[in-house]
>>> print(open('entry-v8.cif').read())   # mmCIF, C-alpha atoms and all ligand atoms
data_start
loop_
_atom_site.label_atom_id
_atom_site.label_comp_id
_atom_site.auth_asym_id
_atom_site.auth_seq_id
_atom_site.Cartn_x
_atom_site.Cartn_y
_atom_site.Cartn_z
CA MET U 17 93.32 101.45 131.10
CA PRO U 18 95.79 101.58 128.18
CA LEU U 19 99.42 102.46 128.81
CA SER U 20 99.04 104.53 125.63
CA PRO U 21 102.20 105.22 123.67
CA ASP U 22 101.63 108.96 123.89
CA ARG U 23 105.32 109.80 123.89
CA ASN U 24 105.21 111.19 127.38
CA LEU U 25 108.16 109.71 129.19
CA ARG U 26 106.76 107.33 131.72
CA LEU U 27 108.16 105.46 134.71
CA ALA U 28 106.92 101.99 135.57
CA PRO U 29 108.25 100.74 138.90
CA SER U 30 108.91 97.00 138.92
CA LEU U 31 107.31 95.56 142.03
CA LEU U 32 109.88 92.76 142.11
CA SER U 33 112.07 95.19 144.05
CA ALA U 34 109.31 96.31 146.45
CA ASP U 35 108.72 95.04 149.97
CA PHE U 36 106.37 92.09 149.34
CA SER U 37 105.17 92.17 152.93
CA ASP U 38 103.78 95.66 152.40
CA LEU U 39 102.95 95.87 148.72
CA GLY U 40 99.89 98.05 149.24
CA SER U 41 101.97 100.84 150.68
CA ALA U 42 104.70 100.43 148.02
CA VAL U 43 102.03 100.81 145.34
CA ARG U 44 100.45 103.84 146.99
CA ARG U 45 103.75 105.62 147.50
CA ALA U 46 104.95 104.91 143.96
CA GLU U 47 101.66 106.30 142.70
CA GLU U 48 102.11 109.43 144.82
CA GLY U 49 105.64 109.65 143.43
CA GLY U 50 104.25 109.86 139.89
CA ALA U 51 104.47 106.29 138.60
CA ALA U 52 102.58 105.98 135.31
CA ALA U 53 102.13 102.20 135.47
CA PHE U 54 103.37 99.17 137.37
CA HIS U 55 105.59 96.51 135.86
CA LEU U 56 105.08 92.97 137.12
CA ASP U 57 107.83 90.44 136.44
CA VAL U 58 106.49 86.92 136.05
CA MET U 59 109.22 84.24 136.02
CA ASP U 60 108.75 80.51 135.60
CA GLY U 61 112.14 78.99 136.49
CA HIS U 62 112.48 77.71 132.89
CA PHE U 63 112.64 80.66 130.55
CA VAL U 64 114.70 82.41 133.22
CA PRO U 65 116.55 80.83 136.15
CA ASN U 66 114.30 82.34 138.79
CA LEU U 67 110.75 82.17 140.11
CA SER U 68 108.63 85.14 141.08
CA PHE U 69 104.83 85.22 141.15
CA GLY U 70 101.70 84.60 139.14
CA PRO U 71 98.18 85.94 138.61
CA ALA U 72 97.22 85.90 142.32
CA LEU U 73 99.75 88.56 143.18
CA VAL U 74 98.79 90.61 140.12
CA ALA U 75 95.15 90.47 141.25
CA ALA U 76 96.20 91.67 144.71
CA VAL U 77 98.07 94.63 143.20
CA ARG U 78 95.03 95.37 141.01
CA ARG U 79 92.98 95.93 144.14
CA HIS U 80 95.39 98.69 145.23
CA THR U 81 95.70 100.78 142.09
CA ARG U 82 93.91 101.96 138.97
CA LEU U 83 97.17 102.56 137.11
CA PRO U 84 97.89 100.29 134.14
CA LEU U 85 99.61 96.98 134.92
CA ASP U 86 102.30 95.82 132.50
CA ILE U 87 102.80 92.08 132.90
CA HIS U 88 106.27 90.96 131.78
CA LEU U 89 105.96 87.26 131.02
CA MET U 90 109.40 85.67 131.34
CA VAL U 91 107.88 82.26 130.79
CA GLU U 92 107.86 79.44 128.29
CA HIS U 93 104.54 78.91 126.48
CA PRO U 94 103.25 82.44 127.15
CA GLU U 95 100.09 81.57 125.19
CA ARG U 96 98.90 79.53 128.17
CA PHE U 97 98.72 82.54 130.46
CA LEU U 98 96.85 85.21 128.53
CA ASP U 99 93.45 84.77 130.08
CA PRO U 100 94.66 84.25 133.69
CA PHE U 101 96.54 87.55 133.57
CA ARG U 102 93.67 89.35 131.90
CA ARG U 103 91.34 88.18 134.65
CA ALA U 104 93.93 89.25 137.22
CA GLY U 105 93.73 92.80 135.85
CA GLY U 106 96.60 93.08 133.35
CA ASP U 107 96.45 95.97 130.89
CA ARG U 108 99.48 95.10 128.79
CA LEU U 109 100.96 91.65 128.29
CA THR U 110 104.62 91.60 127.33
CA PHE U 111 105.85 88.25 126.04
CA HIS U 112 109.36 87.30 124.98
CA LEU U 113 110.06 86.95 121.29
CA GLU U 114 112.38 84.05 122.14
CA ALA U 115 109.52 82.16 123.84
CA ALA U 116 106.89 82.68 121.15
CA SER U 117 106.34 80.21 118.33
CA ASP U 118 103.84 82.54 116.62
CA PRO U 119 104.49 86.13 117.80
CA ALA U 120 101.93 87.73 115.50
CA GLY U 121 99.20 85.28 116.52
CA LEU U 122 100.04 85.76 120.18
CA ALA U 123 99.92 89.54 119.88
CA ARG U 124 96.55 89.30 118.10
CA SER U 125 95.18 87.03 120.84
CA ILE U 126 96.30 89.49 123.52
CA ARG U 127 94.59 92.36 121.73
CA ALA U 128 91.48 90.28 121.17
CA LEU U 129 91.27 89.94 124.95
CA GLY U 130 91.25 93.73 125.23
CA MET U 131 94.85 94.22 126.36
CA GLU U 132 97.87 95.88 124.79
CA ALA U 133 100.40 93.54 123.23
CA ALA U 134 104.13 94.00 123.70
CA VAL U 135 107.16 91.96 122.82
CA ALA U 136 110.38 91.83 124.86
CA VAL U 137 113.78 91.05 123.40
CA ARG U 138 116.73 89.67 125.35
CA PRO U 139 120.05 91.52 125.02
CA GLU U 140 121.35 89.02 122.45
CA THR U 141 118.21 89.08 120.25
CA PRO U 142 118.33 91.54 117.32
CA VAL U 143 115.53 94.05 117.59
CA ALA U 144 115.05 94.01 113.79
CA ARG U 145 113.38 90.61 114.22
CA VAL U 146 110.35 92.43 115.60
CA GLU U 147 109.78 94.50 112.46
CA PRO U 148 107.48 92.08 110.57
CA TRP U 149 104.97 92.10 113.43
CA LEU U 150 105.06 95.79 114.26
CA PRO U 151 101.44 96.41 113.17
CA GLU U 152 100.31 93.85 115.78
CA LEU U 153 102.27 95.46 118.62
CA ASP U 154 101.69 98.31 121.04
CA ALA U 155 105.18 98.23 122.52
CA ILE U 156 108.67 96.79 122.27
CA LEU U 157 110.46 96.13 125.56
CA VAL U 158 114.21 96.30 125.08
CA MET U 159 115.90 94.29 127.82
CA THR U 160 119.00 96.05 129.07
CA VAL U 161 120.00 93.20 131.44
CA HIS U 162 119.77 89.43 131.04
CA PRO U 163 116.28 88.73 132.35
CA GLY U 164 115.84 86.88 135.63
CA PHE U 165 116.87 89.21 138.43
CA SER U 166 116.48 92.79 139.54
CA GLY U 167 119.43 94.86 140.67
CA GLN U 168 121.74 94.06 137.76
CA LEU U 169 123.92 96.51 135.88
CA PHE U 170 122.60 98.12 132.69
CA LEU U 171 124.30 96.72 129.56
CA PRO U 172 125.43 99.78 127.57
CA GLU U 173 125.68 97.75 124.36
CA CYS U 174 121.86 97.69 124.37
CA LEU U 175 121.60 101.45 123.84
CA ASP U 176 121.90 100.97 120.09
CA LYS U 177 118.96 98.58 120.22
CA ILE U 178 116.82 101.21 121.92
CA ALA U 179 117.71 103.63 119.12
CA GLU U 180 116.93 100.96 116.54
CA ALA U 181 113.57 100.13 118.13
CA ARG U 182 112.71 103.82 118.21
CA ALA U 183 113.60 104.14 114.53
CA LEU U 184 111.33 101.20 113.72
CA SER U 185 108.52 102.81 115.67
CA ASP U 186 109.09 106.19 114.01
CA ARG U 187 108.98 104.61 110.56
CA ALA U 188 105.65 103.03 111.55
CA GLY U 189 104.23 106.42 112.56
CA GLY U 190 105.58 106.56 116.11
CA ARG U 191 102.74 104.52 117.49
CA VAL U 192 104.83 101.86 119.23
CA ASP U 193 105.97 102.47 122.80
CA ILE U 194 109.69 101.78 123.39
CA GLY U 195 110.24 100.29 126.83
CA VAL U 196 113.59 99.93 128.55
CA ASP U 197 113.94 97.27 131.24
CA GLY U 198 116.88 96.47 133.49
CA GLY U 199 119.44 98.47 135.42
CA VAL U 200 117.72 101.82 134.89
CA THR U 201 119.26 104.45 137.18
CA SER U 202 119.44 108.23 136.81
CA GLU U 203 122.55 107.88 134.67
CA THR U 204 121.47 104.97 132.49
CA GLY U 205 117.88 106.23 132.30
CA ARG U 206 119.16 109.48 130.90
CA ARG U 207 121.17 107.65 128.26
CA ALA U 208 118.23 105.39 127.43
CA ALA U 209 115.95 108.40 127.00
CA ARG U 210 118.55 110.05 124.80
CA ALA U 211 118.58 106.89 122.67
CA GLY U 212 114.80 107.09 122.21
CA GLY U 213 113.15 105.10 125.01
CA THR U 214 109.63 106.24 125.92
CA PHE U 215 108.83 103.94 128.85
CA PHE U 216 111.22 103.09 131.68
CA VAL U 217 110.98 100.17 134.07
CA CYS U 218 112.75 100.79 137.36
CA GLY U 219 113.17 98.24 140.12
CA ASN U 220 116.02 98.81 142.51
CA ALA U 221 116.39 102.47 141.59
CA ALA U 222 112.74 103.09 142.49
CA PHE U 223 112.62 101.23 145.81
CA GLU U 224 116.16 101.43 147.21
CA GLY U 225 116.43 102.83 150.69
CA GLY U 226 112.64 103.05 150.92
CA ALA U 227 112.71 106.63 149.58
CA ILE U 228 110.28 105.81 146.78
CA GLU U 229 108.91 109.30 146.04
CA ALA U 230 112.37 110.92 146.02
CA ASN U 231 113.81 108.09 143.92
CA LEU U 232 111.09 108.48 141.31
CA ALA U 233 111.49 112.25 141.22
CA ARG U 234 115.22 111.87 140.56
CA LEU U 235 114.66 109.26 137.85
CA ARG U 236 111.99 111.36 136.15
CA GLU U 237 114.25 114.39 136.04
CA ALA U 238 117.11 112.34 134.57
CA ILE U 239 114.86 110.92 131.89
CA ARG U 240 113.48 114.33 131.05
CA GLN U 241 117.04 115.59 130.59
CA GLY U 242 117.86 112.62 128.38
CA ALA U 243 114.89 113.38 126.13
CA GLU U 244 115.96 117.01 126.00
CA ASP U 245 119.49 115.97 124.99
CA ARG U 246 117.94 113.85 122.26
CA HIS U 247 116.09 116.80 120.82
CA ALA U 248 119.15 119.02 121.14
CA VAL U 249 121.14 116.70 118.86
CA PRO U 250 121.15 118.32 115.39
C1 LIG U 301 114.58 91.53 135.04
C2 LIG U 301 113.22 92.17 135.12
C3 LIG U 301 113.27 93.64 135.40
C4 LIG U 301 113.85 93.97 136.75
C5 LIG U 301 114.10 95.45 136.87
O1 LIG U 301 114.44 90.21 134.71
O2 LIG U 301 112.54 91.98 133.90
O3 LIG U 301 111.99 94.22 135.24
O4 LIG U 301 113.01 93.56 137.79
O5 LIG U 301 114.81 95.70 138.05
P1 LIG U 301 116.07 96.66 138.07
O6 LIG U 301 115.59 98.01 137.66
O7 LIG U 301 116.56 96.61 139.48
O8 LIG U 301 117.10 96.12 137.09
ZN ZN U 302 110.74 93.20 133.62
#
>>> encode(input="entry-v8.cif", output="structure tokens")
Amino acid sequence: MPLSPDRNLRLAPSLLSADFSDLGSAVRRAEEGGAAAFHLDVMDGHFVPNLSFGPALVAAVRRHTRLPLDIHLMVEHPERFLDPFRRAGGDRLTFHLEAASDPAGLARSIRALGMEAAVAVRPETPVARVEPWLPELDAILVMTVHPGFSGQLFLPECLDKIAEARALSDRAGGRVDIGVDGGVTSETGRRAARAGGTFFVCGNAAFEGGAIEANLARLREAIRQGAEDRHAVP
């Protein structure tokens, strides 16, 4: 199922912050709470200083939901993992611009496998570097923390990059989804939506305290307000 950049503001809980011993129930409750997709953070201990999980866990999640799965590949040599994650049930593969030797070719390969292609940019990577490959992309994921761990603080200096990514997308007809990943809370989510984000990854803020449905409701309302503020700006 495509994540479809339809400009509805969507929440994608990151399962890295869920209770791994009871993932099935975390998935079900997030779905009941209105999640639009799930975000799965794959880390290889090289591209980022942490390890998480691979295709086997993605396949297990796939058995519990029909919502789209956005696979965030924080790995070196992302080209090696396209087919394993497709077979595991991925709907969108998000690779890092900094890890790709041929971003356009990689994006084309992902699409050729029937998935959406997205590129993520670290906080220090200029978002303008994505522009030449925009026609090959379904989404840009603007990292608002240094990738590697959940539960970090949102970097406010990345708000301008969200706005810039949104402007790029708008100039290309508004087709490209603008994801925001890292430190999204009600407050920062609102600011990110005001800046032009269309897709919001939430880890800690979605799962903290186990109140998943209430957490998602609060986040959704904050993001809705942010989008409203955006449209209120003359
Ligand atoms: C960071 C990951 C994020 C993270 C989000 O490397 O890419 O997706 O898990 O978690 P929070 O929302 O807690 O920052
Ligand atoms: Zn992520």
>>> residues_near_ligand(input="entry-v8.cif", ligand="ligand ZN 302 (chain U)", cutoff="9 Å", atoms="all atoms listed in the file", output="compact mmCIF listing (two decimals) with C-alpha atoms, in the frame of the given file")
# COMPACT_ATOMS: atom_id res chain seq x y z
CA SER U 30 108.91 97.00 138.92
CA LEU U 32 109.88 92.76 142.11
CA HIS U 55 105.59 96.51 135.86
CA LEU U 56 105.08 92.97 137.12
CA ASP U 57 107.83 90.44 136.44
CA VAL U 58 106.49 86.92 136.05
CA ASP U 86 102.30 95.82 132.50
CA ILE U 87 102.80 92.08 132.90
CA HIS U 88 106.27 90.96 131.78
CA LEU U 89 105.96 87.26 131.02
CA MET U 90 109.40 85.67 131.34
CA THR U 110 104.62 91.60 127.33
CA ALA U 136 110.38 91.83 124.86
CA LEU U 157 110.46 96.13 125.56
CA MET U 159 115.90 94.29 127.82
CA PRO U 163 116.28 88.73 132.35
CA GLY U 164 115.84 86.88 135.63
CA PHE U 165 116.87 89.21 138.43
CA SER U 166 116.48 92.79 139.54
CA VAL U 196 113.59 99.93 128.55
CA ASP U 197 113.94 97.27 131.24
CA GLY U 198 116.88 96.47 133.49
CA VAL U 217 110.98 100.17 134.07
CA CYS U 218 112.75 100.79 137.36
CA GLY U 219 113.17 98.24 140.12
>>> atom_distance(input="entry-v8.cif", atom1="atom CA of U:Ala120", atom2="atom CA of U:Gly199")
28.6 Å
>>> axis_aligned_box(input="entry-v8.cif", around="ligand LIG 301 (chain U)", padding_each_side="6 Å", output="JSON")
{"center_x": 114.5, "center_y": 94.1, "center_z": 136.7, "size_x": 17.1, "size_y": 19.8, "size_z": 17.6}
>>> atom_distance(input="entry-v8.cif", atom1="atom CA of U:Leu83", atom2="atom CA of U:Val192")
19.5 Å
>>> residues_around(input="entry-v8.cif", residues="U:Cys174", least_positions_apart="2", cutoff="8 Å", atoms="all atoms listed in the file", output="number ranges by chain")
U: 139, 158-160, 171-172, 176-178
>>> atom_distance(input="entry-v8.cif", atom1="atom CA of U:Ala34", atom2="atom CA of U:Val137")
24.1 Å
>>> residues_around(input="entry-v8.cif", residues="U:Ile156", least_positions_apart="3", cutoff="7 Å", atoms="only C-alpha atoms", output="ChimeraX atom specification")
/U:134-136,193-195
>>> closest_residue(input="entry-v8.cif", among="U:Ala211, U:Leu67, U:Ala222, U:Ala248", to="U:Arg236", atoms="all atoms listed in the file")
U:Ala222
>>> closest_residue(input="entry-v8.cif", among="U:Gly167, U:Gly213, U:Gly205, U:Pro29", to="U:Ser185", atoms="all atoms listed in the file")
U:Gly213
>>> residues_around(input="entry-v8.cif", residues="U:Ala76", least_positions_apart="5", cutoff="10 Å", atoms="all atoms listed in the file", output="number ranges by chain")
U: 39-40, 71, 81, 104-105
>>> closest_residue(input="entry-v8.cif", among="U:His162, U:Ala75, U:Glu173, U:Asp245", to="ligand LIG 301 (chain U)", atoms="all atoms listed in the file")
U:His162
>>> residues_around(input="entry-v8.cif", residues="U:Ala221", least_positions_apart="4", cutoff="7 Å", atoms="all atoms listed in the file", output="CSV table (one decimal) with C-alpha atoms, in the coordinates of the input")
chain,number,residue,atom,x,y,z
U,200,VAL,CA,117.7,101.8,134.9
U,201,THR,CA,119.3,104.4,137.2
U,231,ASN,CA,113.8,108.1,143.9
>>> closest_residue(input="entry-v8.cif", among="U:Arg96, U:Gly70, U:Leu150, U:Phe63", to="U:Ala115", atoms="all atoms listed in the file")
U:Phe63
